[in-house]
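Encoded as structure tokens, the structure appears first; notes follow it.
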Amino acid sequence: MKHAVVGVGIVLCLFVSSWSVRAEAPTHTRVIFESSLSQGFENEFAALENHNGDFTGDGWQSTQHGFEDGSKLIVRIKNRLPQTGTIEWKVSNFNPYTQTDFSKQHLVFISNTEDRDDMFYNGGAWLYLRTGLNYRNADGSCSMKIDVGARGVDTRVEEHILSNKFWDINHVYYFKIVYTTSQLWFYLDGELITTVSFSAQQKRFNQISFGGDGDYPSIVGPIFSDLKISTDEKATFFIDQTRSKNLVGLDAPDFGAHGITVGDVNGDGLPDIYMGNCLQGQCLRDILYIQQPDGTFVDETEERGVTDECCSHAVIFFDADNDGDLDLFNANTWEPNQLYINDGAGYFSEESFARGIENIPGETRGAVVFDVNNDGWLDIYAVNWGMQNEMYINDGTGHFTREYRGAEGAVEDPEVVGTQGVTVADIDNDGDYDIYVSKRDQVNELYINENGYFTEAAAAHGVAVPKRSDGATFA
């Protein structure tokens, strides 16, 4: 009997393990966007663009047939949708059997771009819901096709769905797409229609188009409404609030931001932002943004005394003089580096040379602040294009002395070789910071710290990266 029971148990386990179980769609409860689609709309998350359709009290209606000039409503996401989410919408006044008049026509198109070739052949993500004359049956039913890809054409999946569906123009249809980093689920009126493979997107969705597109004409008649986009409660994504927070920088046509640092300069508990700007051949002013209680920012550069007006590549807030507030080091190109001392209320005085920063009109491209010699004070290390790097040792009062401690690097032909970026970390776990320098057209450099003095050892540690590096970080 015991042997019989064991034998049955083994057979049963083998049988169960051979089943293929389809994962259930997750429930996404964090709503990140909603719109009735009954009028034009724009907020920090998305904007509605109406092309030759009509906003009605019931939603947006497709009213014009055509390819480029046909009706379409684009919901343009200002950043990108999360890697996992749910997209829901309703369609009324819809019967593809009677309304379609072309072989293939799109009902909805979700993608990362409007450029079909770029989407297919450069790792794009998309979902088409397609119908048309080719999908009609003699009995009055009409099918659809779902066409999806997560990472370009190599991941494309096409499937005919709703093969014998009879549509009622008086019915309001409820469409829902749920997607994760492995699967996509399609529902109609609460019923699961299909599940397809959908790997993590390389280029995430950033637009939803109702109606036609440049490849297939619009269907005249359907009314789209009640769009809702949700995601997982723990999903990480960003909403572009640059303009609403007044953080556009120099804006067009200059732009030019090369460095940024964040810290509370005036002691009000709110982080402020300093932006260093540079364009080749142009001197651009930097910007100090002071954060307001409502979360917006005000440009107070001039009144705060930090009107650096040439070419800033790296900017750093740090407490240079150990008085409890944040001072500012500005690494410049074409003019000397500058050190601004904070008076405690967020107003600065330029004291570079008085505090030991040398008057060198060089090309500093990167800088970092750290305790070089473990004496408790923050020191400065600046890397230069074509010139030796600068290391300034702090005496504890915010006065600095340039010292040569082995991390100066070589004098190089600036037409051939350049130094771009720098970062630090204790890579050998001996309690002090080592330095990694990124180079253009030369191998990167790793300086190992021994009691505040440095030895170059990139090759020995396997990080002598050749060719062209602009920056690096440790993690």
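In the structure tokens, chains take the letters A, B, ... in the order shown, each chain's residues start at 1, and ligands count up from 1 in the order shown.
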
Give me the residues near A:Ser312 as number ranges by chain, where near means some atom within 6 Å (using only C-alpha atoms) and where sequence neighbours in that chain fewer than 4 positions away do not count.
A: 276-278, 331-332

Generate a file of the selected residues that holds N, CA and C atoms, formatted as a PDB file, in the first residue's frame.
```
ATOM      1  N   GLY A 276      24.291  75.996 -14.152  1.00  0.00           N
ATOM      2  CA  GLY A 276      25.422  76.541 -14.890  1.00  0.00           C
ATOM      3  C   GLY A 276      25.224  76.363 -16.378  1.00  0.00           C
ATOM      4  N   ASN A 277      25.469  77.423 -17.158  1.00  0.00           N
ATOM      5  CA  ASN A 277      25.178  77.401 -18.596  1.00  0.00           C
ATOM      6  C   ASN A 277      26.430  77.663 -19.424  1.00  0.00           C
ATOM      7  N   CYS A 278      26.444  77.063 -20.610  1.00  0.00           N
ATOM      8  CA  CYS A 278      27.585  77.255 -21.513  1.00  0.00           C
ATOM      9  C   CYS A 278      27.190  76.834 -22.925  1.00  0.00           C
ATOM     10  N   ALA A 331      32.799  75.839 -11.616  1.00  0.00           N
ATOM     11  CA  ALA A 331      33.897  75.433 -12.489  1.00  0.00           C
ATOM     12  C   ALA A 331      33.679  75.999 -13.880  1.00  0.00           C
ATOM     13  N   ASN A 332      34.586  76.844 -14.327  1.00  0.00           N
ATOM     14  CA  ASN A 332      34.392  77.615 -15.551  1.00  0.00           C
ATOM     15  C   ASN A 332      35.320  77.198 -16.679  1.00  0.00           C
TER      16      ASN A 332
END
```

Mind checking which residues fall within 7 Å of stretch 108-111 of chain A, counting only C-alpha atoms, ignoring those fewer than 5 positions away in the same chain, and posting them as a PyMOL selection string?
chain A and resi 125-129+205-211

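These are the residues of stretch 278-457 of chain A assigned alpha helix (DSSP H) by DSSP from backbone coordinates: Thr301, Glu302, Glu303 and Arg304 of chain A.
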
Do you know which residues are at most 10 Å from A:Thr261 counting only C-alpha atoms, after dropping those on the same chain fewer than 5 positions away, and could you put them as a PyMOL selection string?
chain A and resi 271-276+288+314-318+328

Nearby residues (only C-alpha atoms) at most 10 Å from A:Arg365, same-chain spacing under 3 positions excluded, as a PyMOL selection string:
chain A and resi 258-259+311-314+331-333+362+382-385+418-422+470

Given the selection you just returned, output its residues as a file containing N, CA, C and O atoms, formatted as an mmCIF file, in the first residue's frame.
```cif
data_model
loop_
_atom_site.group_PDB
_atom_site.id
_atom_site.type_symbol
_atom_site.label_atom_id
_atom_site.label_comp_id
_atom_site.auth_asym_id
_atom_site.auth_seq_id
_atom_site.Cartn_x
_atom_site.Cartn_y
_atom_site.Cartn_z
ATOM 1 N N HIS A 258 24.822 73.033 -18.529
ATOM 2 C CA HIS A 258 25.852 72.007 -18.438
ATOM 3 C C HIS A 258 25.983 71.428 -17.032
ATOM 4 O O HIS A 258 26.472 70.314 -16.877
ATOM 5 N N GLY A 259 25.605 72.194 -16.033
ATOM 6 C CA GLY A 259 25.746 71.711 -14.663
ATOM 7 C C GLY A 259 24.596 72.172 -13.807
ATOM 8 O O GLY A 259 23.961 73.205 -14.077
ATOM 9 N N CYS A 311 31.099 80.619 -19.098
ATOM 10 C CA CYS A 311 30.827 79.244 -19.509
ATOM 11 C C CYS A 311 31.048 78.313 -18.330
ATOM 12 O O CYS A 311 32.184 77.960 -18.005
ATOM 13 N N SER A 312 29.973 77.936 -17.670
ATOM 14 C CA SER A 312 30.047 77.078 -16.494
ATOM 15 C C SER A 312 29.764 75.630 -16.879
ATOM 16 O O SER A 312 28.751 75.338 -17.503
ATOM 17 N N HIS A 313 30.638 74.730 -16.456
ATOM 18 C CA HIS A 313 30.446 73.319 -16.748
ATOM 19 C C HIS A 313 30.010 72.521 -15.524
ATOM 20 O O HIS A 313 29.183 71.628 -15.627
ATOM 21 N N ALA A 314 30.600 72.804 -14.388
ATOM 22 C CA ALA A 314 30.242 72.085 -13.163
ATOM 23 C C ALA A 314 29.986 73.096 -12.058
ATOM 24 O O ALA A 314 30.736 74.066 -11.906
ATOM 25 N N ALA A 331 32.799 75.839 -11.616
ATOM 26 C CA ALA A 331 33.897 75.433 -12.489
ATOM 27 C C ALA A 331 33.679 75.999 -13.880
ATOM 28 O O ALA A 331 32.698 75.661 -14.545
ATOM 29 N N ASN A 332 34.586 76.844 -14.327
ATOM 30 C CA ASN A 332 34.392 77.615 -15.551
ATOM 31 C C ASN A 332 35.320 77.198 -16.679
ATOM 32 O O ASN A 332 36.404 76.648 -16.460
ATOM 33 N N THR A 333 34.900 77.514 -17.882
ATOM 34 C CA THR A 333 35.725 77.419 -19.073
ATOM 35 C C THR A 333 35.923 78.830 -19.613
ATOM 36 O O THR A 333 34.980 79.617 -19.664
ATOM 37 N N GLY A 362 41.505 78.784 -17.537
ATOM 38 C CA GLY A 362 41.608 77.499 -18.209
ATOM 39 C C GLY A 362 40.268 76.981 -18.678
ATOM 40 O O GLY A 362 39.339 77.742 -18.948
ATOM 41 N N ALA A 382 39.198 69.869 -9.332
ATOM 42 C CA ALA A 382 38.654 70.301 -10.616
ATOM 43 C C ALA A 382 39.497 69.710 -11.737
ATOM 44 O O ALA A 382 40.733 69.764 -11.688
ATOM 45 N N VAL A 383 38.825 69.146 -12.761
ATOM 46 C CA VAL A 383 39.552 68.545 -13.881
ATOM 47 C C VAL A 383 39.483 69.474 -15.085
ATOM 48 O O VAL A 383 38.437 70.055 -15.384
ATOM 49 N N ASN A 384 40.609 69.580 -15.794
ATOM 50 C CA ASN A 384 40.768 70.585 -16.840
ATOM 51 C C ASN A 384 41.057 69.962 -18.196
ATOM 52 O O ASN A 384 41.763 68.956 -18.305
ATOM 53 N N TRP A 385 40.550 70.603 -19.217
ATOM 54 C CA TRP A 385 40.755 70.175 -20.604
ATOM 55 C C TRP A 385 42.114 70.697 -21.076
ATOM 56 O O TRP A 385 42.329 71.900 -21.185
ATOM 57 N N GLY A 418 41.081 65.455 -24.178
ATOM 58 C CA GLY A 418 40.421 66.324 -23.217
ATOM 59 C C GLY A 418 39.919 65.548 -22.017
ATOM 60 O O GLY A 418 39.710 64.337 -22.072
ATOM 61 N N THR A 419 39.752 66.270 -20.909
ATOM 62 C CA THR A 419 39.196 65.687 -19.691
ATOM 63 C C THR A 419 37.797 66.225 -19.499
ATOM 64 O O THR A 419 37.585 67.442 -19.539
ATOM 65 N N GLN A 420 36.831 65.344 -19.264
ATOM 66 C CA GLN A 420 35.433 65.747 -19.262
ATOM 67 C C GLN A 420 34.756 65.716 -17.897
ATOM 68 O O GLN A 420 34.074 66.649 -17.513
ATOM 69 N N GLY A 421 34.866 64.615 -17.170
ATOM 70 C CA GLY A 421 34.094 64.476 -15.945
ATOM 71 C C GLY A 421 34.889 63.789 -14.857
ATOM 72 O O GLY A 421 35.927 63.164 -15.119
ATOM 73 N N VAL A 422 34.371 63.862 -13.624
ATOM 74 C CA VAL A 422 35.073 63.270 -12.491
ATOM 75 C C VAL A 422 34.059 62.824 -11.445
ATOM 76 O O VAL A 422 33.017 63.447 -11.262
ATOM 77 N N ASP A 470 32.385 60.820 -21.306
ATOM 78 C CA ASP A 470 31.969 62.145 -20.860
ATOM 79 C C ASP A 470 31.706 62.206 -19.355
ATOM 80 O O ASP A 470 31.616 63.281 -18.781
#
```

Excluding same-chain residues fewer than 2 positions from stretch 159-174 of chain A, what lies within 9 Å of it counting only C-alpha atoms, as a ChimeraX atom specification?
/A:88-97,135,137,139-147,157,176,187-190,193-194,196,222

Residues just named, written with N, CA, C and O atoms as a compact mmCIF listing (two decimals), in the first residue's frame:
```
# COMPACT_ATOMS: atom_id res chain seq x y z
N GLU A 88 -7.91 52.60 -20.20
CA GLU A 88 -9.32 52.29 -20.40
C GLU A 88 -10.00 53.44 -21.13
O GLU A 88 -9.66 54.60 -20.91
N TRP A 89 -10.97 53.11 -21.99
CA TRP A 89 -11.76 54.14 -22.64
C TRP A 89 -13.08 53.52 -23.12
O TRP A 89 -13.23 52.30 -23.15
N LYS A 90 -14.01 54.38 -23.47
CA LYS A 90 -15.30 53.94 -23.97
C LYS A 90 -15.50 54.41 -25.42
O LYS A 90 -14.97 55.46 -25.81
N VAL A 91 -16.26 53.63 -26.17
CA VAL A 91 -16.60 54.00 -27.55
C VAL A 91 -18.09 53.79 -27.74
O VAL A 91 -18.61 52.70 -27.49
N SER A 92 -18.79 54.84 -28.16
CA SER A 92 -20.21 54.75 -28.47
C SER A 92 -20.43 55.09 -29.94
O SER A 92 -19.50 55.51 -30.65
N ASN A 93 -21.69 54.91 -30.41
CA ASN A 93 -22.02 55.17 -31.82
C ASN A 93 -21.04 54.43 -32.73
O ASN A 93 -20.49 54.98 -33.68
N PHE A 94 -20.83 53.15 -32.46
CA PHE A 94 -19.77 52.40 -33.14
C PHE A 94 -20.30 51.06 -33.65
O PHE A 94 -20.81 50.23 -32.89
N ASN A 95 -20.19 50.87 -34.95
CA ASN A 95 -20.45 49.57 -35.58
C ASN A 95 -19.52 49.46 -36.78
O ASN A 95 -19.78 50.03 -37.85
N PRO A 96 -18.41 48.75 -36.65
CA PRO A 96 -17.44 48.70 -37.74
C PRO A 96 -17.98 48.05 -39.01
O PRO A 96 -17.48 48.35 -40.10
N TYR A 97 -18.99 47.21 -38.88
CA TYR A 97 -19.55 46.57 -40.07
C TYR A 97 -20.19 47.61 -40.99
O TYR A 97 -20.05 47.54 -42.21
N TYR A 135 -12.30 42.92 -42.55
CA TYR A 135 -12.64 42.19 -41.33
C TYR A 135 -14.14 41.90 -41.24
O TYR A 135 -14.61 41.35 -40.24
N ASN A 137 -17.72 40.08 -42.13
CA ASN A 137 -18.20 38.75 -42.51
C ASN A 137 -19.56 38.87 -43.19
O ASN A 137 -20.30 39.84 -42.97
N ASP A 139 -22.26 37.44 -42.61
CA ASP A 139 -23.43 37.38 -41.72
C ASP A 139 -23.66 38.68 -40.95
O ASP A 139 -24.55 38.77 -40.11
N GLY A 140 -22.88 39.73 -41.23
CA GLY A 140 -23.04 41.01 -40.55
C GLY A 140 -22.12 41.21 -39.36
O GLY A 140 -22.13 42.28 -38.76
N SER A 141 -21.34 40.21 -39.01
CA SER A 141 -20.36 40.37 -37.93
C SER A 141 -19.08 41.00 -38.47
O SER A 141 -18.86 41.05 -39.69
N CYS A 142 -18.25 41.47 -37.57
CA CYS A 142 -17.01 42.14 -37.97
C CYS A 142 -15.96 41.92 -36.91
O CYS A 142 -16.21 42.13 -35.72
N SER A 143 -14.78 41.49 -37.31
CA SER A 143 -13.71 41.19 -36.37
C SER A 143 -12.74 42.37 -36.25
O SER A 143 -12.90 43.41 -36.88
N MET A 144 -11.70 42.16 -35.44
CA MET A 144 -10.62 43.13 -35.27
C MET A 144 -9.29 42.41 -35.29
O MET A 144 -9.23 41.18 -35.23
N LYS A 145 -8.24 43.18 -35.35
CA LYS A 145 -6.90 42.64 -35.15
C LYS A 145 -6.20 43.47 -34.08
O LYS A 145 -6.30 44.70 -34.08
N ILE A 146 -5.49 42.79 -33.18
CA ILE A 146 -4.63 43.46 -32.23
C ILE A 146 -3.20 43.25 -32.68
O ILE A 146 -2.80 42.15 -33.06
N ASP A 147 -2.43 44.33 -32.72
CA ASP A 147 -1.07 44.32 -33.26
C ASP A 147 -0.20 45.03 -32.22
O ASP A 147 -0.38 46.23 -31.97
N VAL A 157 3.59 40.97 -32.34
CA VAL A 157 2.58 39.92 -32.24
C VAL A 157 1.30 40.47 -32.85
O VAL A 157 0.83 41.55 -32.48
N LYS A 176 -10.38 47.99 -22.54
CA LYS A 176 -9.35 48.06 -21.50
C LYS A 176 -8.11 47.28 -21.94
O LYS A 176 -8.21 46.14 -22.39
N TYR A 187 -9.30 43.57 -22.93
CA TYR A 187 -10.66 43.30 -22.48
C TYR A 187 -11.64 44.13 -23.30
O TYR A 187 -11.35 45.27 -23.68
N LEU A 188 -12.82 43.57 -23.53
CA LEU A 188 -13.94 44.30 -24.09
C LEU A 188 -15.16 44.04 -23.22
O LEU A 188 -15.54 42.88 -22.99
N ASP A 189 -15.74 45.13 -22.71
CA ASP A 189 -16.91 45.04 -21.83
C ASP A 189 -16.67 44.09 -20.66
O ASP A 189 -17.54 43.29 -20.27
N GLY A 190 -15.47 44.15 -20.08
CA GLY A 190 -15.14 43.36 -18.91
C GLY A 190 -14.74 41.93 -19.19
O GLY A 190 -14.34 41.19 -18.28
N ILE A 193 -10.42 39.14 -23.77
CA ILE A 193 -10.46 38.69 -25.16
C ILE A 193 -9.19 37.94 -25.52
O ILE A 193 -9.23 36.89 -26.17
N THR A 194 -8.04 38.47 -25.11
CA THR A 194 -6.79 37.79 -25.41
C THR A 194 -5.68 38.28 -24.50
O THR A 194 -5.77 39.37 -23.91
N VAL A 196 -1.32 38.51 -24.77
CA VAL A 196 -0.18 38.33 -25.67
C VAL A 196 1.10 38.68 -24.93
O VAL A 196 1.10 39.41 -23.94
N PRO A 222 -17.62 56.98 -34.74
CA PRO A 222 -17.42 56.60 -33.34
C PRO A 222 -17.17 57.81 -32.44
O PRO A 222 -16.56 58.81 -32.84
```

Determine the nearest neighbour of A:Arg30 from the options A:Val178, A:Leu81, A:Ala235, A:Ile287, counting only C-alpha atoms.
A:Ala235
